[in-house]
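For reference, protein.txt (compact mmCIF, C-alpha atoms):
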```txt
# COMPACT_ATOMS: atom_id res chain seq x y z
CA MET S 1 124.45 58.48 -8.72
CA SER S 2 123.26 59.60 -5.37
CA LYS S 3 120.90 62.45 -5.07
CA PHE S 4 122.39 63.75 -1.88
CA SER S 5 125.90 64.29 -2.83
CA THR S 6 127.96 65.46 0.09
CA LYS S 7 129.67 68.60 -0.91
CA ARG S 8 132.54 69.27 1.35
CA SER S 9 135.20 71.78 0.77
CA ASN S 10 138.72 70.76 1.53
CA THR S 11 139.49 73.87 3.56
CA VAL S 12 139.40 73.70 7.34
CA PRO S 13 136.47 75.70 8.68
CA THR S 14 137.56 78.65 10.80
CA ILE S 15 136.68 78.48 14.47
CA SER S 16 134.57 81.38 15.54
CA THR S 17 136.29 83.29 18.31
CA SER S 18 133.58 85.85 18.78
CA SER S 19 132.45 84.29 22.05
CA LEU S 20 135.95 84.23 23.51
CA PRO S 21 135.77 87.73 25.01
CA ASP S 22 132.55 86.78 26.78
CA ILE S 23 134.14 83.69 28.27
CA ILE S 24 137.14 85.66 29.46
CA PHE S 25 134.91 88.35 30.92
CA ILE S 26 132.96 85.76 32.86
CA LEU S 27 136.26 84.44 34.21
CA LEU S 28 137.31 87.95 35.11
CA PHE S 29 134.11 88.69 36.98
CA PHE S 30 134.29 85.37 38.76
CA PHE S 31 137.75 86.18 40.07
CA MET S 32 136.79 89.70 41.01
CA VAL S 33 133.90 88.44 43.09
CA VAL S 34 135.66 85.49 44.69
CA VAL S 35 138.92 87.17 45.58
CA LYS S 36 138.54 89.42 48.56
CA LEU S 37 140.47 92.60 48.12
CA ARG S 38 142.71 93.46 50.99
CA GLU S 39 140.92 96.32 52.64
CA SER S 40 143.77 97.74 54.64
CA ASN S 41 147.30 98.21 53.49
CA LEU S 42 149.68 96.75 55.95
CA LYS S 43 152.18 98.83 57.80
CA VAL S 44 153.47 95.91 59.80
CA LYS S 45 155.06 92.74 58.55
CA THR S 46 152.91 89.73 59.35
CA ILE S 47 154.16 86.37 58.24
CA THR S 48 151.88 83.97 60.02
CA PRO S 49 153.30 80.70 61.32
CA TYR S 50 152.29 77.20 60.33
CA ALA S 51 149.85 74.97 62.18
CA THR S 52 147.78 71.87 61.60
CA GLU S 53 144.71 72.30 63.79
CA LEU S 54 143.05 74.96 61.70
CA THR S 55 139.53 76.24 61.83
CA LYS S 56 138.09 78.13 58.92
CA LEU S 57 136.52 81.47 59.65
CA GLU S 58 133.06 81.08 58.28
CA ARG S 59 131.35 84.43 58.25
CA LYS S 60 133.42 87.37 57.14
CA SER S 61 131.05 89.95 58.57
CA LEU S 62 131.56 88.55 62.07
CA VAL S 63 135.32 88.79 61.91
CA ASN S 64 137.48 91.71 62.85
CA THR S 65 141.16 91.57 62.16
CA MET S 66 144.13 92.82 64.11
CA TYR S 67 147.66 92.76 62.80
CA ILE S 68 150.64 92.41 65.08
CA GLY S 69 154.15 92.65 63.76
CA ARG S 70 157.18 94.81 63.34
CA PRO S 71 156.73 97.88 61.16
CA THR S 72 157.89 97.40 57.59
CA PRO S 73 161.17 99.13 56.59
CA GLN S 74 159.14 101.92 55.05
CA TYR S 75 157.50 102.76 58.37
CA ALA S 76 160.32 101.79 60.69
CA PRO S 77 161.66 105.36 61.00
CA ILE S 78 158.27 106.54 62.27
CA TYR S 79 157.13 103.65 64.42
CA GLY S 80 160.40 102.02 65.46
CA SER S 81 161.35 98.38 65.24
CA LYS S 82 159.40 97.04 68.19
CA PRO S 83 156.24 95.00 67.53
CA ARG S 84 153.20 97.17 66.97
CA LEU S 85 149.49 96.68 66.57
CA GLN S 86 147.64 97.71 63.45
CA LEU S 87 143.90 98.28 63.50
CA ASN S 88 142.25 99.05 60.17
CA ASP S 89 144.69 101.32 58.39
CA LYS S 90 146.79 102.73 61.15
CA ILE S 91 149.25 101.72 63.80
CA SER S 92 147.41 101.91 67.09
CA ASN S 93 148.00 101.77 70.78
CA LEU S 94 146.59 99.12 73.05
CA ASN S 95 144.02 101.48 74.55
CA GLU S 96 142.35 101.87 71.16
CA ILE S 97 141.27 98.22 71.11
CA PRO S 98 137.94 98.62 72.98
CA LEU S 99 136.79 101.37 70.62
CA PHE S 100 137.82 99.33 67.59
CA LEU S 101 135.82 96.35 68.84
CA GLU S 102 132.83 98.51 69.69
CA ARG S 103 132.80 100.11 66.24
CA HIS S 104 132.64 96.69 64.65
CA LYS S 105 130.02 95.49 67.09
CA VAL S 106 127.48 98.26 66.51
CA LYS S 107 127.29 97.40 62.83
CA LEU S 108 125.88 93.97 63.61
CA PRO S 109 122.45 93.02 64.87
CA GLU S 110 122.20 92.06 68.52
CA GLY S 111 121.68 88.39 67.86
CA GLN S 112 124.91 87.93 65.96
CA ARG S 113 127.18 89.67 68.42
CA PRO S 114 128.16 86.63 70.48
CA GLY S 115 129.60 85.08 67.32
CA ILE S 116 132.15 87.81 66.74
CA THR S 117 135.63 86.44 66.28
CA THR S 118 138.82 88.41 66.37
CA SER S 119 141.36 87.21 63.91
CA LEU S 120 144.87 87.91 65.12
CA LYS S 121 147.38 87.97 62.34
CA VAL S 122 150.59 87.78 64.27
CA ASP S 123 154.07 87.58 62.83
CA GLY S 124 155.86 84.42 63.86
CA ASP S 125 158.93 86.26 65.10
CA VAL S 126 157.12 88.59 67.46
CA THR S 127 157.68 87.82 71.12
CA MET S 128 154.81 86.79 73.34
CA GLY S 129 155.09 89.80 75.65
CA PHE S 130 153.31 92.11 73.28
CA VAL S 131 150.84 89.43 72.19
CA SER S 132 149.95 88.81 75.84
CA ASP S 133 149.29 92.50 76.33
CA VAL S 134 146.89 92.44 73.40
CA LYS S 135 145.26 89.30 74.78
CA THR S 136 144.78 90.94 78.18
CA GLU S 137 143.24 93.96 76.48
CA LEU S 138 140.86 91.71 74.54
CA ARG S 139 139.84 89.90 77.69
CA LYS S 140 139.15 93.21 79.42
CA ALA S 141 136.98 94.24 76.48
CA GLY S 142 135.07 90.96 76.70
CA GLN S 143 136.16 89.71 73.29
CA LEU S 144 137.03 86.13 74.11
CA LYS S 145 136.69 84.33 70.81
CA ILE S 146 139.94 84.73 68.98
CA ASN S 147 141.61 83.02 66.10
CA TYR S 148 145.35 82.97 65.60
CA SER S 149 145.77 83.16 61.87
CA ALA S 150 148.01 80.41 60.54
CA LYS S 151 148.90 78.65 57.36
CA LYS S 152 148.36 74.97 56.75
CA ARG S 153 151.41 72.86 57.48
CA THR S 154 151.63 69.79 55.32
CA GLU S 155 154.68 67.83 56.27
CA ARG S 156 155.67 67.20 59.84
CA SER S 157 159.13 68.66 59.49
CA GLY S 158 158.59 72.37 59.66
CA TYR S 159 158.36 73.25 63.33
CA MET V 1 131.73 114.17 -9.61
CA PHE V 2 131.25 113.92 -5.92
CA VAL V 3 129.50 110.76 -5.39
CA LYS V 4 128.70 110.11 -1.80
CA LYS V 5 129.79 106.80 -0.63
CA LYS V 6 127.04 104.54 0.38
CA LYS V 7 126.79 104.51 4.18
CA ARG V 8 127.25 101.11 5.62
CA ASN V 9 127.46 100.03 9.20
CA PRO V 10 131.09 99.29 9.62
CA GLU V 11 131.70 96.15 11.63
CA ILE V 12 133.73 96.63 14.76
CA ASN V 13 136.62 94.30 14.93
CA ALA V 14 136.24 92.49 18.22
CA SER V 15 139.18 90.18 17.91
CA SER V 16 141.32 92.24 20.29
CA MET V 17 138.62 92.19 22.94
CA ALA V 18 139.79 88.83 24.16
CA ASP V 19 143.31 90.16 24.63
CA ILE V 20 142.08 93.15 26.58
CA ALA V 21 139.98 90.95 28.82
CA PHE V 22 142.91 88.62 29.31
CA LEU V 23 145.11 91.50 30.36
CA LEU V 24 142.51 92.66 32.87
CA LEU V 25 142.17 89.16 34.21
CA ILE V 26 145.91 88.77 34.67
CA PHE V 27 146.13 92.21 36.27
CA PHE V 28 143.53 91.23 38.87
CA LEU V 29 145.14 87.89 39.50
CA VAL V 30 148.48 89.54 40.20
CA THR V 31 147.32 92.45 42.32
CA THR V 32 144.92 90.62 44.60
CA ASN V 33 146.21 88.30 47.21
CA ILE V 34 143.84 85.71 48.49
CA VAL V 35 143.68 86.27 52.21
CA GLU V 36 144.02 83.10 54.16
CA ASP V 37 141.26 83.04 56.71
CA LYS V 38 142.21 79.97 58.62
CA GLY V 39 143.67 79.77 62.05
CA VAL V 40 143.84 78.18 65.47
CA LEU V 41 140.65 78.98 67.33
CA VAL V 42 141.18 79.87 70.97
CA ARG V 43 138.78 80.86 73.71
CA LEU V 44 140.23 83.28 76.21
CA PRO V 45 139.21 83.14 79.84
CA GLN V 46 136.98 85.81 81.32
CA TRP V 47 138.80 88.79 82.73
CA SER V 48 138.49 89.42 86.44
CA GLU V 49 140.16 92.07 88.53
CA GLU V 50 140.67 89.84 91.53
CA PRO V 51 143.54 87.41 91.39
CA PRO V 52 142.29 83.89 90.79
CA GLU V 53 141.71 81.86 93.90
CA ASP V 54 144.34 79.32 94.70
CA LEU V 55 143.08 75.98 93.63
CA THR V 56 144.90 73.11 95.15
CA LEU V 57 145.01 70.58 92.41
CA ASN V 58 146.46 67.19 92.70
CA THR V 59 149.81 67.53 90.96
CA ARG V 60 149.32 64.28 89.09
CA ASN V 61 146.42 65.85 87.23
CA VAL V 62 148.33 68.85 85.98
CA PHE V 63 150.42 68.74 82.84
CA THR V 64 152.64 71.77 83.06
CA VAL V 65 154.25 73.07 79.91
CA LEU V 66 156.74 75.90 80.20
CA VAL V 67 158.12 77.61 77.14
CA ASN V 68 161.07 79.82 77.88
CA ALA V 69 162.55 82.79 76.05
CA GLN V 70 164.91 80.46 74.17
CA ASP V 71 161.86 78.57 72.87
CA GLN V 72 162.75 75.47 74.88
CA LEU V 73 160.06 73.31 76.40
CA LEU V 74 159.93 72.11 79.96
CA VAL V 75 157.21 69.53 80.41
CA ARG V 76 156.64 68.45 84.01
CA GLY V 77 160.22 69.33 84.89
CA GLU V 78 161.80 67.63 81.90
CA LEU V 79 163.31 69.13 78.80
CA VAL V 80 161.20 67.84 75.92
CA LYS V 81 161.34 68.30 72.17
CA ILE V 82 158.21 69.69 70.55
CA GLN V 83 157.96 66.61 68.35
CA ASP V 84 157.38 64.47 71.45
CA LEU V 85 154.91 66.83 73.08
CA LYS V 86 151.81 65.37 71.50
CA THR V 87 152.53 61.76 72.44
CA ARG V 88 153.40 62.87 75.96
CA ALA V 89 150.21 64.82 76.31
CA LYS V 90 148.12 61.95 74.99
CA GLU V 91 149.73 59.50 77.35
CA PHE V 92 149.18 61.87 80.24
CA ILE V 93 145.51 62.46 79.49
CA MET V 94 144.44 58.89 78.88
CA ASN V 95 146.91 57.20 81.19
CA PRO V 96 146.52 53.81 79.53
CA THR V 97 148.84 51.98 81.92
CA LYS V 98 147.23 53.52 85.02
CA ARG V 99 150.44 55.04 86.24
CA GLU V 100 150.47 56.79 89.59
CA ASP V 101 151.99 60.02 88.29
CA LEU V 102 149.69 60.63 85.33
CA ALA V 103 146.13 61.94 85.28
CA GLU V 104 143.50 60.04 87.24
CA SER V 105 141.12 60.31 84.33
CA ALA V 106 140.70 62.37 81.21
CA LYS V 107 138.06 64.44 82.99
CA GLU V 108 140.48 65.52 85.68
CA ALA V 109 143.37 66.31 83.39
CA ILE V 110 144.37 69.93 83.11
CA ILE V 111 147.03 71.39 80.89
CA SER V 112 148.86 74.37 82.25
CA LEU V 113 150.72 76.46 79.72
CA LYS V 114 153.11 79.17 80.68
CA ASN V 115 155.50 81.18 78.61
CA ASP V 116 157.99 83.98 78.97
CA ARG V 117 157.48 87.38 77.46
CA GLY V 118 160.46 86.60 75.25
CA THR V 119 158.97 83.43 73.78
CA HIS V 120 158.49 83.69 70.05
CA PHE V 121 154.93 83.59 68.83
CA LYS V 122 155.58 80.81 66.35
CA GLN V 123 156.86 78.55 69.10
CA TYR V 124 153.90 79.38 71.31
CA LEU V 125 151.49 78.62 68.50
CA ALA V 126 153.32 75.40 67.66
CA VAL V 127 152.99 74.27 71.28
CA TYR V 128 149.33 75.24 71.41
CA ASN V 129 148.80 73.47 68.13
CA GLU V 130 150.40 70.27 69.42
CA LEU V 131 148.24 70.28 72.53
CA LYS V 132 145.15 70.84 70.43
CA ALA V 133 146.24 68.08 68.07
CA ALA V 134 146.63 65.71 71.02
CA TYR V 135 143.06 66.35 72.05
CA SER V 136 141.61 66.10 68.58
CA GLU V 137 143.38 62.77 68.07
CA LEU V 138 141.97 61.52 71.34
CA TRP V 139 138.52 62.69 70.33
CA ASN V 140 138.81 60.87 67.06
CA GLU V 141 139.92 57.71 68.80
CA GLU V 142 137.01 58.01 71.18
CA ALA V 143 134.63 58.52 68.26
CA LYS V 144 135.94 55.36 66.68
CA LYS V 145 135.61 53.39 69.88
CA ARG V 146 132.19 54.60 70.89
CA PHE V 147 130.29 55.33 67.73
CA ARG V 148 132.30 53.55 65.04
CA LYS V 149 132.90 56.82 63.23
CA ASP V 150 136.17 57.76 61.61
CA SER V 151 136.38 61.18 63.17
CA ILE V 152 134.55 63.42 65.56
CA GLU V 153 133.28 65.53 62.66
CA GLU V 154 131.18 62.65 61.46
CA CYS V 155 129.38 62.32 64.78
CA ASN V 156 126.22 64.26 65.44
CA LYS V 157 126.07 67.14 67.89
CA GLU V 158 125.00 64.99 70.82
CA GLN V 159 127.75 62.48 70.29
CA GLN V 160 130.31 65.25 69.93
CA ASN V 161 129.21 66.76 73.20
CA GLU V 162 129.39 63.38 74.87
CA ILE V 163 132.96 62.89 73.71
CA LYS V 164 133.95 66.36 74.76
CA ARG V 165 132.37 65.83 78.15
CA GLU V 166 134.38 62.67 78.57
CA ILE V 167 137.65 64.27 77.41
CA PRO V 168 137.32 67.99 78.06
CA PHE V 169 139.91 70.31 76.61
CA VAL V 170 141.01 72.30 79.61
CA ILE V 171 143.98 74.53 79.14
CA SER V 172 145.00 77.07 81.68
CA GLU V 173 147.32 79.84 80.64
CA ALA V 174 149.24 81.70 83.26
CA GLU V 175 150.42 85.27 82.92
CA PRO V 176 153.80 85.20 81.24
CA THR V 177 156.92 85.80 83.21
CA SER V 178 158.91 88.81 82.12
CA PHE V 179 162.06 87.03 80.97
CA GLY V 180 163.52 88.04 77.66
CA ASP V 181 161.12 90.91 77.04
CA GLU V 182 162.07 93.42 74.40
CA LYS V 183 163.25 96.69 75.74
```
Structure encoded using structure tokens:
Amino acid sequence: MSKFSTKRSNTVPTISTSSLPDIIFILLFFFMVVVKLRESNLKVKTITPYATELTKLERKSLVNTMYIGRPTPQYAPIYGSKPRLQLNDKISNLNEIPLFLERHKVKLPEGQRPGITTSLKVDGDVTMGFVSDVKTELRKAGQLKINYSAKKRTERSGY
Amino acid sequence: MFVKKKKRNPEINASSMADIAFLLLIFFLVTTNIVEDKGVLVRLPQWSEEPPEDLTLNTRNVFTVLVNAQDQLLVRGELVKIQDLKTRAKEFIMNPTKREDLAESAKEAIISLKNDRGTHFKQYLAVYNELKAAYSELWNEEAKKRFRKDSIEECNKEQQNEIKREIPFVISEAEPTSFGDEK
């Protein structure tokens, strides 16, 4: 007769779920931090085209974003159906570009200013005429580093 | 008789906490859209009020690409499909068979891109992308040949600069012609 008799009940021990909320909360916070909330609601439709030669925009603080596209159906009665430019939250004219760039620039220290990149989110179906006008305006304002936003194309078929 | 119940700390049932947290998590996953922050990096030329001086370039060194309002490509006077653009550009830049009508050397090669105002942006970007791809493939080949590296990213800064000096990416964009502009 052994002294150390192993007493084991036949019932399955219940798994403690008390730490589950904590795990889920950690997940939740992780996603909230990682996912960047869209700061401006879009009034223009921008479905960016596909490309292969992509560069990742490294520093978010050095990037300002311009949206070019046709106004969404909701805003079409106000702004028409021609391609428009959206800066921050509102549909803007081309002559507002220098001020927009300047406002972003003054927030940054002098040393970082040459690294400022303008990210152009342009709808694939917009014609180049309007895009060229924006480009000319950017050149006049001295903002030469630009980045045409695009999605990664995987197979070679989708031109 | 009124006997007061003995006060005990009631335990809070926390089993629904997980469900609440799950709901929150799913809510955030649905409402946020992960912004794609990738794109084709382009450097625009400096703006100058004066019209650019007329450079007389040897025509064999210029690779003209015209994209019209119907999104068709005219490369050096020939109608070309976009699928063939990259191989054409690579052949032009390196000129492996030393043809008379292609670039004298990679250093001299210039790509001239011109589009109409009616060209669609996606076509323009596709063309730009192909030209960029041609150069990056050439750079990678050069990296393999010179430094035995698989790609230019694996080279150090000096080597990268050396490759880019040897095969510079020169693209000249003309003002678009006003065909097909939206009224």
Residue nearest chain S among V:Phe169, V:Phe121, V:Phe27, V:Phe63 (counting only C-alpha atoms)
V:Phe121
Distance filter 7 Å, all atoms listed in the file, chain V against chain S, as a list of chain:residue names:
V:Met17, V:Ala18, V:Ala21, V:Phe22, V:Leu25, V:Thr32, V:Ile34, V:Asp37, V:Lys38, V:Gly39, V:Val40, V:Leu41, V:Val42, V:Arg43, V:Leu44, V:Pro45, V:Gln46, V:Trp47, V:Arg117, V:Gly118, V:Thr119, V:His120, V:Phe121, V:Lys122, V:Ala126, V:Asn129, V:Lys132, V:Ala133, V:Asp181
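Using all atoms listed in the file, the protein and nucleic acid residues lying at most 7 Å from the point (163.6, 82.3, 76.5) are Asn68, Ala69, Gln70, Asp71, Asp116, Gly118, Thr119, Phe179 and Gly180 of chain V.
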Could you state the separation of CA of Tyr135 in chain V and CA of Lys90 in chain V in Å, given to one decimal place?
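Computing the Euclidean distance for CA of Tyr135 in chain V and CA of Lys90 in chain V yields 7.3 Å.
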Write out as a list of chain:residue names which residues come within 9 Å of range 103-109 of chain S when counting only C-alpha atoms, dropping same-chain ones fewer than 4 positions away.
S:Ser61, S:Leu62, S:Val63, S:Asn64, S:Pro98, S:Leu99, S:Arg113, S:Ile116
Computed interatomic separation between CA of Ile82 in chain V and CA of Val62 in chain V (Å):
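Between CA of Ile82 in chain V and CA of Val62 in chain V the gap is 18.3 Å.
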10 Å contact set for Glu108 in chain V, only C-alpha atoms, chain neighbours under 5 positions out, as a PyMOL selection string:
chain V and resi 57-58+60-62+93+103+166-168+170
Please measure the separation of CA of Glu175 in chain V and CA of Gln72 in chain V, giving the value in Å to one decimal.
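Value for the CA of Glu175 in chain V-CA of Gln72 in chain V distance: 17.7 Å.
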